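Peer 1: Provided below: input_2.pdb, containing PDB, C-alpha atoms and all ligand atoms.
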```
ATOM      1  CA  MET A   1     140.473  82.479  94.408  1.00  0.00           C
ATOM      2  CA  GLY A   2     141.946  84.694  91.739  1.00  0.00           C
ATOM      3  CA  THR A   3     144.549  84.506  89.011  1.00  0.00           C
ATOM      4  CA  TYR A   4     147.577  86.790  89.000  1.00  0.00           C
ATOM      5  CA  ALA A   5     150.631  87.297  86.822  1.00  0.00           C
ATOM      6  CA  VAL A   6     153.821  88.523  88.474  1.00  0.00           C
ATOM      7  CA  ILE A   7     156.390  89.941  86.062  1.00  0.00           C
ATOM      8  CA  GLY A   8     159.908  89.999  87.510  1.00  0.00           C
ATOM      9  CA  LEU A   9     160.798  87.428  90.137  1.00  0.00           C
ATOM     10  CA  GLY A  10     163.476  89.312  92.076  1.00  0.00           C
ATOM     11  CA  ARG A  11     163.243  89.486  95.869  1.00  0.00           C
ATOM     12  CA  PHE A  12     160.075  91.598  95.785  1.00  0.00           C
ATOM     13  CA  GLY A  13     158.288  89.814  92.920  1.00  0.00           C
ATOM     14  CA  ALA A  14     159.151  86.378  94.315  1.00  0.00           C
ATOM     15  CA  SER A  15     157.736  87.354  97.683  1.00  0.00           C
ATOM     16  CA  VAL A  16     154.511  88.679  96.101  1.00  0.00           C
ATOM     17  CA  ALA A  17     154.158  85.524  93.985  1.00  0.00           C
ATOM     18  CA  ARG A  18     154.788  83.164  96.920  1.00  0.00           C
ATOM     19  CA  THR A  19     152.363  85.018  99.162  1.00  0.00           C
ATOM     20  CA  LEU A  20     149.583  85.136  96.555  1.00  0.00           C
ATOM     21  CA  THR A  21     150.058  81.374  96.125  1.00  0.00           C
ATOM     22  CA  ALA A  22     149.953  80.794  99.869  1.00  0.00           C
ATOM     23  CA  LEU A  23     146.707  82.789  99.974  1.00  0.00           C
ATOM     24  CA  GLY A  24     145.205  80.275  97.545  1.00  0.00           C
ATOM     25  CA  HIS A  25     145.538  82.171  94.253  1.00  0.00           C
ATOM     26  CA  GLU A  26     146.774  80.829  90.947  1.00  0.00           C
ATOM     27  CA  VAL A  27     149.967  82.630  89.989  1.00  0.00           C
ATOM     28  CA  LEU A  28     151.967  82.867  86.775  1.00  0.00           C
ATOM     29  CA  GLY A  29     155.547  84.005  87.389  1.00  0.00           C
ATOM     30  CA  VAL A  30     157.525  85.550  84.504  1.00  0.00           C
ATOM     31  CA  ASP A  31     161.222  86.376  84.394  1.00  0.00           C
ATOM     32  CA  THR A  32     163.988  86.557  81.807  1.00  0.00           C
ATOM     33  CA  SER A  33     166.331  84.757  84.166  1.00  0.00           C
ATOM     34  CA  PRO A  34     166.096  80.941  84.024  1.00  0.00           C
ATOM     35  CA  LYS A  35     167.599  80.792  87.515  1.00  0.00           C
ATOM     36  CA  LYS A  36     164.879  82.988  89.027  1.00  0.00           C
ATOM     37  CA  VAL A  37     162.178  81.020  87.233  1.00  0.00           C
ATOM     38  CA  GLN A  38     163.593  77.661  88.267  1.00  0.00           C
ATOM     39  CA  ALA A  39     163.760  78.727  91.892  1.00  0.00           C
ATOM     40  CA  LEU A  40     159.969  79.167  91.910  1.00  0.00           C
ATOM     41  CA  ALA A  41     158.960  76.453  89.445  1.00  0.00           C
ATOM     42  CA  GLU A  42     157.834  74.032  92.152  1.00  0.00           C
ATOM     43  CA  MET A  43     155.936  76.578  94.149  1.00  0.00           C
ATOM     44  CA  LEU A  44     153.911  78.597  91.622  1.00  0.00           C
ATOM     45  CA  ALA A  45     151.102  77.219  89.464  1.00  0.00           C
ATOM     46  CA  HIS A  46     152.834  78.401  86.265  1.00  0.00           C
ATOM     47  CA  VAL A  47     156.232  79.886  85.440  1.00  0.00           C
ATOM     48  CA  VAL A  48     157.751  81.063  82.157  1.00  0.00           C
ATOM     49  CA  ILE A  49     161.155  82.277  81.112  1.00  0.00           C
ATOM     50  CA  ALA A  50     160.247  85.248  78.911  1.00  0.00           C
ATOM     51  CA  ASP A  51     161.055  88.854  78.180  1.00  0.00           C
ATOM     52  CA  ALA A  52     158.008  90.906  79.147  1.00  0.00           C
ATOM     53  CA  GLU A  53     159.258  93.850  77.073  1.00  0.00           C
ATOM     54  CA  ASP A  54     158.154  91.919  74.019  1.00  0.00           C
ATOM     55  CA  GLU A  55     154.529  92.763  73.293  1.00  0.00           C
ATOM     56  CA  GLU A  56     153.828  89.516  71.427  1.00  0.00           C
ATOM     57  CA  THR A  57     155.078  87.553  74.438  1.00  0.00           C
ATOM     58  CA  LEU A  58     152.788  89.478  76.756  1.00  0.00           C
ATOM     59  CA  ARG A  59     149.825  88.810  74.496  1.00  0.00           C
ATOM     60  CA  SER A  60     150.617  85.133  74.078  1.00  0.00           C
ATOM     61  CA  LEU A  61     150.759  84.758  77.858  1.00  0.00           C
ATOM     62  CA  GLY A  62     147.151  85.969  77.958  1.00  0.00           C
ATOM     63  CA  MET A  63     147.774  88.870  80.318  1.00  0.00           C
ATOM     64  CA  GLY A  64     144.247  90.163  79.703  1.00  0.00           C
ATOM     65  CA  ASN A  65     142.743  87.060  81.336  1.00  0.00           C
ATOM     66  CA  PHE A  66     144.272  87.571  84.790  1.00  0.00           C
ATOM     67  CA  ASP A  67     142.489  89.240  87.686  1.00  0.00           C
ATOM     68  CA  GLY A  68     145.602  91.305  88.261  1.00  0.00           C
ATOM     69  CA  VAL A  69     149.123  91.806  86.941  1.00  0.00           C
ATOM     70  CA  VAL A  70     152.046  92.869  89.127  1.00  0.00           C
ATOM     71  CA  VAL A  71     154.998  94.625  87.480  1.00  0.00           C
ATOM     72  CA  ALA A  72     157.790  93.731  89.882  1.00  0.00           C
ATOM     73  CA  ILE A  73     160.742  94.633  87.668  1.00  0.00           C
ATOM     74  CA  GLY A  74     163.049  96.683  89.875  1.00  0.00           C
ATOM     75  CA  GLN A  75     166.380  97.990  88.627  1.00  0.00           C
ATOM     76  CA  ASP A  76     165.490  98.262  84.946  1.00  0.00           C
ATOM     77  CA  LEU A  77     163.390 101.436  84.981  1.00  0.00           C
ATOM     78  CA  GLU A  78     162.817 101.416  81.252  1.00  0.00           C
ATOM     79  CA  ALA A  79     161.500  97.846  81.262  1.00  0.00           C
ATOM     80  CA  ASN A  80     159.335  98.578  84.299  1.00  0.00           C
ATOM     81  CA  ILE A  81     157.654 101.560  82.601  1.00  0.00           C
ATOM     82  CA  LEU A  82     157.432 100.003  79.144  1.00  0.00           C
ATOM     83  CA  VAL A  83     155.792  96.823  80.434  1.00  0.00           C
ATOM     84  CA  THR A  84     153.272  98.911  82.398  1.00  0.00           C
ATOM     85  CA  VAL A  85     152.450 100.946  79.261  1.00  0.00           C
ATOM     86  CA  MET A  86     151.951  97.810  77.175  1.00  0.00           C
ATOM     87  CA  LEU A  87     149.729  96.136  79.772  1.00  0.00           C
ATOM     88  CA  SER A  88     147.649  99.274  80.029  1.00  0.00           C
ATOM     89  CA  GLU A  89     147.317  99.535  76.246  1.00  0.00           C
ATOM     90  CA  MET A  90     146.123  95.943  76.225  1.00  0.00           C
ATOM     91  CA  GLY A  91     143.201  97.159  78.346  1.00  0.00           C
ATOM     92  CA  ILE A  92     144.298  95.591  81.631  1.00  0.00           C
ATOM     93  CA  LYS A  93     142.690  97.455  84.496  1.00  0.00           C
ATOM     94  CA  ASN A  94     144.306  95.924  87.561  1.00  0.00           C
ATOM     95  CA  ILE A  95     148.027  96.704  87.224  1.00  0.00           C
ATOM     96  CA  THR A  96     150.151  96.993  90.352  1.00  0.00           C
ATOM     97  CA  ALA A  97     153.596  98.419  89.666  1.00  0.00           C
ATOM     98  CA  LYS A  98     156.676  98.753  91.845  1.00  0.00           C
ATOM     99  CA  ALA A  99     158.183 102.245  91.925  1.00  0.00           C
ATOM    100  CA  GLN A 100     161.602 103.347  93.124  1.00  0.00           C
ATOM    101  CA  THR A 101     160.836 107.019  93.729  1.00  0.00           C
ATOM    102  CA  GLU A 102     157.818 109.275  93.914  1.00  0.00           C
ATOM    103  CA  LEU A 103     158.512 110.694  90.460  1.00  0.00           C
ATOM    104  CA  HIS A 104     158.740 107.176  89.056  1.00  0.00           C
ATOM    105  CA  GLY A 105     155.412 106.437  90.773  1.00  0.00           C
ATOM    106  CA  GLN A 106     153.801 109.466  89.124  1.00  0.00           C
ATOM    107  CA  VAL A 107     154.994 108.287  85.723  1.00  0.00           C
ATOM    108  CA  LEU A 108     153.599 104.795  86.362  1.00  0.00           C
ATOM    109  CA  GLU A 109     150.266 106.278  87.323  1.00  0.00           C
ATOM    110  CA  LYS A 110     150.163 108.382  84.147  1.00  0.00           C
ATOM    111  CA  VAL A 111     150.889 105.367  81.954  1.00  0.00           C
ATOM    112  CA  GLY A 112     148.083 103.302  83.440  1.00  0.00           C
ATOM    113  CA  ALA A 113     149.129 101.538  86.653  1.00  0.00           C
ATOM    114  CA  SER A 114     146.134 101.286  88.988  1.00  0.00           C
ATOM    115  CA  LYS A 115     148.211 100.789  92.133  1.00  0.00           C
ATOM    116  CA  ILE A 116     151.752 101.931  92.821  1.00  0.00           C
ATOM    117  CA  VAL A 117     153.831 100.357  95.570  1.00  0.00           C
ATOM    118  CA  TYR A 118     157.070 101.604  97.109  1.00  0.00           C
ATOM    119  CA  PRO A 119     158.425  98.518  98.913  1.00  0.00           C
ATOM    120  CA  GLU A 120     161.807  99.952  99.937  1.00  0.00           C
ATOM    121  CA  GLU A 121     160.320 103.217 101.142  1.00  0.00           C
ATOM    122  CA  ASP A 122     157.507 101.456 103.049  1.00  0.00           C
ATOM    123  CA  MET A 123     159.861  98.959 104.639  1.00  0.00           C
ATOM    124  CA  GLY A 124     162.211 101.789 105.664  1.00  0.00           C
ATOM    125  CA  VAL A 125     159.357 103.522 107.482  1.00  0.00           C
ATOM    126  CA  LYS A 126     158.286 100.274 109.152  1.00  0.00           C
ATOM    127  CA  VAL A 127     161.800  99.426 110.306  1.00  0.00           C
ATOM    128  CA  ALA A 128     162.428 102.953 111.617  1.00  0.00           C
ATOM    129  CA  LYS A 129     159.174 102.898 113.585  1.00  0.00           C
ATOM    130  CA  SER A 130     159.760  99.471 115.046  1.00  0.00           C
ATOM    131  CA  ILE A 131     163.355 100.181 116.123  1.00  0.00           C
ATOM    132  CA  SER A 132     162.492 103.532 117.622  1.00  0.00           C
ATOM    133  CA  SER A 133     159.817 101.963 119.784  1.00  0.00           C
ATOM    134  CA  GLU A 134     160.326  98.848 121.860  1.00  0.00           C
ATOM    135  CA  THR A 135     156.628  98.126 122.031  1.00  0.00           C
ATOM    136  CA  ILE A 136     155.328  98.673 118.502  1.00  0.00           C
ATOM    137  CA  LEU A 137     155.420  95.392 116.562  1.00  0.00           C
ATOM    138  CA  ASP A 138     153.556  96.287 113.403  1.00  0.00           C
ATOM    139  CA  PHE A 139     151.450  98.984 111.859  1.00  0.00           C
ATOM    140  CA  ILE A 140     149.435  99.880 108.780  1.00  0.00           C
ATOM    141  CA  GLU A 141     149.349 103.499 107.684  1.00  0.00           C
ATOM    142  CA  LEU A 142     145.728 104.373 106.863  1.00  0.00           C
ATOM    143  CA  SER A 143     146.573 107.986 105.995  1.00  0.00           C
ATOM    144  CA  PRO A 144     149.475 110.301 106.876  1.00  0.00           C
ATOM    145  CA  SER A 145     147.784 110.975 110.229  1.00  0.00           C
ATOM    146  CA  HIS A 146     146.060 107.671 111.148  1.00  0.00           C
ATOM    147  CA  SER A 147     147.323 104.117 111.613  1.00  0.00           C
ATOM    148  CA  ILE A 148     146.405 100.665 112.805  1.00  0.00           C
ATOM    149  CA  VAL A 149     149.108  99.620 115.284  1.00  0.00           C
ATOM    150  CA  GLU A 150     149.953  96.405 117.093  1.00  0.00           C
ATOM    151  CA  PHE A 151     151.857  96.892 120.338  1.00  0.00           C
ATOM    152  CA  ILE A 152     152.682  95.135 123.574  1.00  0.00           C
ATOM    153  CA  ALA A 153     150.193  96.198 126.250  1.00  0.00           C
ATOM    154  CA  PRO A 154     151.980  98.786 128.405  1.00  0.00           C
ATOM    155  CA  LYS A 155     152.228  98.181 132.183  1.00  0.00           C
ATOM    156  CA  LYS A 156     149.715 100.941 132.871  1.00  0.00           C
ATOM    157  CA  PHE A 157     146.993  98.861 131.121  1.00  0.00           C
ATOM    158  CA  VAL A 158     147.713  95.492 132.743  1.00  0.00           C
ATOM    159  CA  GLY A 159     145.024  94.135 135.066  1.00  0.00           C
ATOM    160  CA  LYS A 160     142.450  96.598 133.754  1.00  0.00           C
ATOM    161  CA  THR A 161     139.407  96.135 131.553  1.00  0.00           C
ATOM    162  CA  LEU A 162     138.895  98.089 128.349  1.00  0.00           C
ATOM    163  CA  GLY A 163     135.836  99.638 129.974  1.00  0.00           C
ATOM    164  CA  SER A 164     137.867 101.069 132.831  1.00  0.00           C
ATOM    165  CA  LEU A 165     140.714 102.163 130.564  1.00  0.00           C
ATOM    166  CA  ASN A 166     138.226 104.097 128.429  1.00  0.00           C
ATOM    167  CA  LEU A 167     140.786 104.521 125.634  1.00  0.00           C
ATOM    168  CA  ARG A 168     138.290 105.977 123.202  1.00  0.00           C
ATOM    169  CA  ALA A 169     137.484 108.897 125.459  1.00  0.00           C
ATOM    170  CA  LYS A 170     141.013 109.333 126.865  1.00  0.00           C
ATOM    171  CA  TYR A 171     143.107 108.907 123.712  1.00  0.00           C
ATOM    172  CA  GLY A 172     140.586 108.781 120.868  1.00  0.00           C
ATOM    173  CA  ILE A 173     141.647 105.267 119.890  1.00  0.00           C
ATOM    174  CA  SER A 174     139.631 102.076 119.404  1.00  0.00           C
ATOM    175  CA  VAL A 175     140.843  98.586 120.268  1.00  0.00           C
ATOM    176  CA  LEU A 176     140.231  96.265 117.301  1.00  0.00           C
ATOM    177  CA  ALA A 177     141.652  93.109 118.844  1.00  0.00           C
ATOM    178  CA  ILE A 178     143.530  91.685 121.825  1.00  0.00           C
ATOM    179  CA  LYS A 179     146.014  88.885 121.165  1.00  0.00           C
ATOM    180  CA  LYS A 180     146.609  86.560 124.096  1.00  0.00           C
ATOM    181  CA  GLY A 181     149.225  83.947 123.247  1.00  0.00           C
ATOM    182  CA  GLY A 182     147.758  82.057 120.299  1.00  0.00           C
ATOM    183  CA  ARG A 183     144.247  83.369 120.934  1.00  0.00           C
ATOM    184  CA  ILE A 184     142.767  86.491 119.394  1.00  0.00           C
ATOM    185  CA  ILE A 185     139.727  88.363 120.660  1.00  0.00           C
ATOM    186  CA  VAL A 186     138.292  90.442 117.844  1.00  0.00           C
ATOM    187  CA  ALA A 187     136.301  93.578 118.695  1.00  0.00           C
ATOM    188  CA  PRO A 188     136.650  93.065 122.467  1.00  0.00           C
ATOM    189  CA  GLY A 189     133.922  94.506 124.679  1.00  0.00           C
ATOM    190  CA  ALA A 190     134.187  96.725 127.753  1.00  0.00           C
ATOM    191  CA  ASP A 191     134.796  93.626 129.923  1.00  0.00           C
ATOM    192  CA  GLY A 192     137.908  92.677 127.852  1.00  0.00           C
ATOM    193  CA  LEU A 193     140.724  92.287 130.382  1.00  0.00           C
ATOM    194  CA  VAL A 194     144.301  93.243 129.529  1.00  0.00           C
ATOM    195  CA  THR A 195     146.901  90.915 131.019  1.00  0.00           C
ATOM    196  CA  ALA A 196     150.717  91.061 130.958  1.00  0.00           C
ATOM    197  CA  GLY A 197     152.161  90.122 127.565  1.00  0.00           C
ATOM    198  CA  ASP A 198     148.947  90.801 125.628  1.00  0.00           C
ATOM    199  CA  LEU A 199     149.216  92.479 122.255  1.00  0.00           C
ATOM    200  CA  LEU A 200     146.740  95.216 121.433  1.00  0.00           C
ATOM    201  CA  VAL A 201     145.689  96.102 117.906  1.00  0.00           C
ATOM    202  CA  VAL A 202     144.306  99.627 117.855  1.00  0.00           C
ATOM    203  CA  VAL A 203     143.246 102.244 115.337  1.00  0.00           C
ATOM    204  CA  GLY A 204     143.601 105.975 115.835  1.00  0.00           C
ATOM    205  CA  GLU A 205     145.550 109.134 115.222  1.00  0.00           C
ATOM    206  CA  ASN A 206     149.329 108.556 115.180  1.00  0.00           C
ATOM    207  CA  ASP A 207     150.030 110.907 118.091  1.00  0.00           C
ATOM    208  CA  ALA A 208     147.329 109.319 120.204  1.00  0.00           C
ATOM    209  CA  VAL A 209     148.528 105.810 119.416  1.00  0.00           C
ATOM    210  CA  ASN A 210     152.105 106.762 120.298  1.00  0.00           C
ATOM    211  CA  ARG A 211     151.054 108.304 123.614  1.00  0.00           C
ATOM    212  CA  CYS A 212     148.989 105.290 124.490  1.00  0.00           C
ATOM    213  CA  SER A 213     151.602 102.653 123.529  1.00  0.00           C
ATOM    214  CA  ASP A 214     154.428 104.272 125.576  1.00  0.00           C
TER     215      ASP A 214
HETATM  216  P1  LIG B   1     164.341  93.180  93.544  1.00  0.00           P
HETATM  217  O1  LIG B   1     164.962  94.350  94.229  1.00  0.00           O
HETATM  218  O2  LIG B   1     162.892  92.994  93.874  1.00  0.00           O
HETATM  219  O3  LIG B   1     165.133  91.890  93.703  1.00  0.00           O
HETATM  220  P2  LIG B   1     165.322  93.285  90.846  1.00  0.00           P
HETATM  221  O4  LIG B   1     165.358  94.483  89.941  1.00  0.00           O
HETATM  222  O5  LIG B   1     166.632  92.786  91.338  1.00  0.00           O
HETATM  223  O6  LIG B   1     164.327  93.611  92.000  1.00  0.00           O
HETATM  224  O7  LIG B   1     164.580  92.084  90.138  1.00  0.00           O
HETATM  225  C1  LIG B   1     163.715  92.240  89.125  1.00  0.00           C
HETATM  226  C2  LIG B   1     163.530  90.938  88.342  1.00  0.00           C
HETATM  227  O8  LIG B   1     162.898  91.292  87.119  1.00  0.00           O
HETATM  228  C3  LIG B   1     164.830  90.237  87.973  1.00  0.00           C
HETATM  229  O9  LIG B   1     164.748  88.872  88.369  1.00  0.00           O
HETATM  230  C4  LIG B   1     164.923  90.397  86.461  1.00  0.00           C
HETATM  231  O10 LIG B   1     165.483  89.252  85.838  1.00  0.00           O
HETATM  232  C5  LIG B   1     163.477  90.559  86.059  1.00  0.00           C
HETATM  233  N1  LIG B   1     163.307  91.293  84.816  1.00  0.00           N
HETATM  234  C6  LIG B   1     163.934  92.433  84.420  1.00  0.00           C
HETATM  235  N2  LIG B   1     163.537  92.802  83.197  1.00  0.00           N
HETATM  236  C7  LIG B   1     162.616  91.885  82.796  1.00  0.00           C
HETATM  237  C8  LIG B   1     161.828  91.708  81.604  1.00  0.00           C
HETATM  238  N3  LIG B   1     161.908  92.554  80.587  1.00  0.00           N
HETATM  239  N4  LIG B   1     160.994  90.645  81.552  1.00  0.00           N
HETATM  240  C9  LIG B   1     160.891  89.769  82.566  1.00  0.00           C
HETATM  241  N5  LIG B   1     161.607  89.879  83.713  1.00  0.00           N
HETATM  242  C10 LIG B   1     162.463  90.910  83.827  1.00  0.00           C
END
```
For the structure just supplied, provide its representation as structure tokens.
Peer 2:
Amino acid sequence: MGTYAVIGLGRFGASVARTLTALGHEVLGVDTSPKKVQALAEMLAHVVIADAEDEETLRSLGMGNFDGVVVAIGQDLEANILVTVMLSEMGIKNITAKAQTELHGQVLEKVGASKIVYPEEDMGVKVAKSISSETILDFIELSPSHSIVEFIAPKKFVGKTLGSLNLRAKYGISVLAIKKGGRIIVAPGADGLVTAGDLLVVVGENDAVNRCSD
């Protein structure tokens, strides 16, 4: 279990804070807006109404003692960058900052953020991929060319074992898991049978995964 501070409790920050809490971590949520803070007061371990642009405030909140700090201020670019600079100058190593554009991300990296996230951009890619394919349910981009993808087993796989499908040789992809209703078979062997309605989680090159999930 770790301790995290989330600065800015808008839609993105609130979601990060709630999820970290659900994962068992202790979260401090900070926002200038009493309404935003109140909305999460019951759920998070600690909340404060405070302006993170004030260096004294940041220090008094003990930012240096957290395992990680998330700068989730969105619209206010100046505040987003300034808070990241101050956290970095305080010697905090694990700073995750939300960027609006690639240029903004480059600036955040220069001023000391250790991880930059682009939630709108990433969600746009995810939504486009899922609406342009009826079978792909979720994916994680490992690199521009490789992904982990979850998709509904295509008809051509149903009734066959992984051994007979030989996906590694045919498509260059590996099956990480088969989901059958509520059950999940992790690292299935050659005798793993694909039945109608199964979900397959595979890793491989994007082109190969697309060909195989069609
Ligand atoms: P989202 O798109 O994730 O909802 P917003 O920009 O709307 O992003 O929300 C960012 C949150 O950050 C808001 O709730 C805002 O009150 C808060 N915020 C902005 N500036 C500061 C600051 N200096 N200190 C603390 N919280 C801030």
Peer 1: Please measure the separation of atom C7 of ligand LIG 1 (chain B) and CA of Arg11 (chain A), giving the value in Å to one decimal.
Peer 2: 13.3 Å
Peer 1: If we draw a sphere of 9 Å around (164.6, 94.7, 93.4), which residues have at least one atom in it when counting all atoms listed in the file? Please report them as a list of chain:residue names.
Peer 2: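 Those within range, by chain then number, are A:Gly8, A:Leu9, A:Gly10, A:Arg11, A:Phe12, A:Gly13, A:Ala72, A:Ile73, A:Gly74, A:Gln75, A:Glu120.
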Peer 1: With C-alpha atoms retained, write the just-selected residues as a short mmCIF file (atom, residue, chain, number, x, y, z; two decimals), in the coordinates of the input.
Peer 2:
```cif
data_model
loop_
_atom_site.label_atom_id
_atom_site.label_comp_id
_atom_site.auth_asym_id
_atom_site.auth_seq_id
_atom_site.Cartn_x
_atom_site.Cartn_y
_atom_site.Cartn_z
CA GLY A 8 159.91 90.00 87.51
CA LEU A 9 160.80 87.43 90.14
CA GLY A 10 163.48 89.31 92.08
CA ARG A 11 163.24 89.49 95.87
CA PHE A 12 160.07 91.60 95.78
CA GLY A 13 158.29 89.81 92.92
CA ALA A 72 157.79 93.73 89.88
CA ILE A 73 160.74 94.63 87.67
CA GLY A 74 163.05 96.68 89.88
CA GLN A 75 166.38 97.99 88.63
CA GLU A 120 161.81 99.95 99.94
#
```
Peer 1: Write as a VMD selection string the residues around ligand LIG 1 (chain B), taking 10 Å as the cut-off and counting all atoms listed in the file.
Peer 2: chain A and resid 6 to 16 29 to 37 48 to 54 57 to 58 71 to 80 82 to 83 98 100 119 to 120
Peer 1: Atoms to include: C-alpha atoms. Write the selected residues as a tab-separated table (two decimals), keeping the file's coordinate frame.
Peer 2:
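Resulting contents of out-v6.tsv:
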```
chain	number	residue	atom	x	y	z
A	6	VAL	CA	153.82	88.52	88.47
A	7	ILE	CA	156.39	89.94	86.06
A	8	GLY	CA	159.91	90.00	87.51
A	9	LEU	CA	160.80	87.43	90.14
A	10	GLY	CA	163.48	89.31	92.08
A	11	ARG	CA	163.24	89.49	95.87
A	12	PHE	CA	160.07	91.60	95.78
A	13	GLY	CA	158.29	89.81	92.92
A	14	ALA	CA	159.15	86.38	94.32
A	15	SER	CA	157.74	87.35	97.68
A	16	VAL	CA	154.51	88.68	96.10
A	29	GLY	CA	155.55	84.00	87.39
A	30	VAL	CA	157.52	85.55	84.50
A	31	ASP	CA	161.22	86.38	84.39
A	32	THR	CA	163.99	86.56	81.81
A	33	SER	CA	166.33	84.76	84.17
A	34	PRO	CA	166.10	80.94	84.02
A	35	LYS	CA	167.60	80.79	87.52
A	36	LYS	CA	164.88	82.99	89.03
A	37	VAL	CA	162.18	81.02	87.23
A	48	VAL	CA	157.75	81.06	82.16
A	49	ILE	CA	161.16	82.28	81.11
A	50	ALA	CA	160.25	85.25	78.91
A	51	ASP	CA	161.06	88.85	78.18
A	52	ALA	CA	158.01	90.91	79.15
A	53	GLU	CA	159.26	93.85	77.07
A	54	ASP	CA	158.15	91.92	74.02
A	57	THR	CA	155.08	87.55	74.44
A	58	LEU	CA	152.79	89.48	76.76
A	71	VAL	CA	155.00	94.62	87.48
A	72	ALA	CA	157.79	93.73	89.88
A	73	ILE	CA	160.74	94.63	87.67
A	74	GLY	CA	163.05	96.68	89.88
A	75	GLN	CA	166.38	97.99	88.63
A	76	ASP	CA	165.49	98.26	84.95
A	77	LEU	CA	163.39	101.44	84.98
A	78	GLU	CA	162.82	101.42	81.25
A	79	ALA	CA	161.50	97.85	81.26
A	80	ASN	CA	159.34	98.58	84.30
A	82	LEU	CA	157.43	100.00	79.14
A	83	VAL	CA	155.79	96.82	80.43
A	98	LYS	CA	156.68	98.75	91.84
A	100	GLN	CA	161.60	103.35	93.12
A	119	PRO	CA	158.43	98.52	98.91
A	120	GLU	CA	161.81	99.95	99.94
```
Peer 1: Do you know which residues are at most 9 Å from Lys93 (chain A) counting only C-alpha atoms, after dropping those on the same chain fewer than 4 positions away, and could you put them as a PyMOL selection string?
Peer 2: chain A and resi 64+67-69+87-88+112-114
Peer 1: Would you translate the PyMOL selection byres (((chain A and resi 191) around 9) and not hetatm) into the concrete set of residues it matches in this file, as a PyMOL selection string?
Peer 2: chain A and resi 161-164+188-190+192-193
Peer 1: In Å, rounded to a single decimal, give me how far CA of Asn94 (chain A) is from CA of Met123 (chain A).
Peer 2: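 Going from CA of Met123 (chain A) over to CA of Asn94 (chain A), I get 23.3 Å.
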Peer 1: Fewer than 5 positions away in the same chain doesn't count, so skip those; otherwise give me all residues within 8 Å of Ser213 (chain A), counting only C-alpha atoms, as a PyMOL selection string.
Peer 2: chain A and resi 135-136+151-154
Peer 1: Can you tell me which residues surround Val209 (chain A) at a distance of at most 9 Å, considering all atoms listed in the file, apart from same-chain residues fewer than 3 positions away, and format the answer as an NGL selection string?
Peer 2: :A and (146-149 or 171-173 or 202-206 or 212-214)
Peer 1: From the options A:Arg183, A:Leu23, A:Glu42, A:Glu150, which residue's atoms come nearest to Lys129 (chain A), counting all atoms listed in the file?
Peer 2: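 When distances to Lys129 (chain A) are compared using all atoms listed in the file, the smallest one comes from A:Glu150.
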Peer 1: Report as a PDB file with C-alpha atoms, in the frame of the given file the residues that result from applying the PyMOL selection byres (((chain A and resi 176-182) around 8) and not hetatm) to the structure here.
Peer 2:
```pdb
ATOM      1  CA  SER A 174     139.631 102.076 119.404  1.00  0.00           C
ATOM      2  CA  VAL A 175     140.843  98.586 120.268  1.00  0.00           C
ATOM      3  CA  ARG A 183     144.247  83.369 120.934  1.00  0.00           C
ATOM      4  CA  ILE A 184     142.767  86.491 119.394  1.00  0.00           C
ATOM      5  CA  ILE A 185     139.727  88.363 120.660  1.00  0.00           C
ATOM      6  CA  VAL A 186     138.292  90.442 117.844  1.00  0.00           C
ATOM      7  CA  ALA A 187     136.301  93.578 118.695  1.00  0.00           C
ATOM      8  CA  PRO A 188     136.650  93.065 122.467  1.00  0.00           C
ATOM      9  CA  VAL A 194     144.301  93.243 129.529  1.00  0.00           C
ATOM     10  CA  GLY A 197     152.161  90.122 127.565  1.00  0.00           C
ATOM     11  CA  ASP A 198     148.947  90.801 125.628  1.00  0.00           C
ATOM     12  CA  LEU A 199     149.216  92.479 122.255  1.00  0.00           C
ATOM     13  CA  LEU A 200     146.740  95.216 121.433  1.00  0.00           C
ATOM     14  CA  VAL A 201     145.689  96.102 117.906  1.00  0.00           C
ATOM     15  CA  VAL A 202     144.306  99.627 117.855  1.00  0.00           C
ATOM     16  CA  VAL A 203     143.246 102.244 115.337  1.00  0.00           C
TER      17      VAL A 203
END
```
Peer 1: Please return the centre and edge lengths, in Å to one decimal, of a box with edges along x, y and z that contains all listed atoms of region 5-10 of chain A, widened by 3 Å on every side, as lines of an AutoDock Vina configuration file.
Peer 2:
```
center_x = 157.1
center_y = 88.6
center_z = 89.1
size_x = 18.8
size_y = 8.7
size_z = 12.0
```
Peer 1: Could you give me, as a list of chain:residue names, the residues within 12 Å of Asp122 (chain A), counting all atoms listed in the file and dropping anything in the same chain fewer than 6 positions from it?
Peer 2: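 Residues meeting the cut-off are A:Lys98, A:Ala99, A:Gln100, A:Thr101, A:Ile116, A:Ala128, A:Lys129, A:Phe139, A:Ile140, A:Glu141.
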Peer 1: Write a file of the selected residues as a PDB file, keeping the file's coordinate frame, keeping C-alpha atoms.
Peer 2:
```
ATOM      1  CA  LYS A  98     156.676  98.753  91.845  1.00  0.00           C
ATOM      2  CA  ALA A  99     158.183 102.245  91.925  1.00  0.00           C
ATOM      3  CA  GLN A 100     161.602 103.347  93.124  1.00  0.00           C
ATOM      4  CA  THR A 101     160.836 107.019  93.729  1.00  0.00           C
ATOM      5  CA  ILE A 116     151.752 101.931  92.821  1.00  0.00           C
ATOM      6  CA  ALA A 128     162.428 102.953 111.617  1.00  0.00           C
ATOM      7  CA  LYS A 129     159.174 102.898 113.585  1.00  0.00           C
ATOM      8  CA  PHE A 139     151.450  98.984 111.859  1.00  0.00           C
ATOM      9  CA  ILE A 140     149.435  99.880 108.780  1.00  0.00           C
ATOM     10  CA  GLU A 141     149.349 103.499 107.684  1.00  0.00           C
TER      11      GLU A 141
END
```
Peer 1: For Gly62 (chain A), which of A:Thr3, A:Ser133, A:Thr96, A:Thr21 is the closest residue, counting all atoms listed in the file?
Peer 2: A:Thr3
Peer 1: Report, in Å with one decimal, the straight-line distance from CA of Asn210 (chain A) to CA of Tyr118 (chain A).
Peer 2: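 About the pair CA of Asn210 (chain A) and CA of Tyr118 (chain A): they are 24.3 Å apart.
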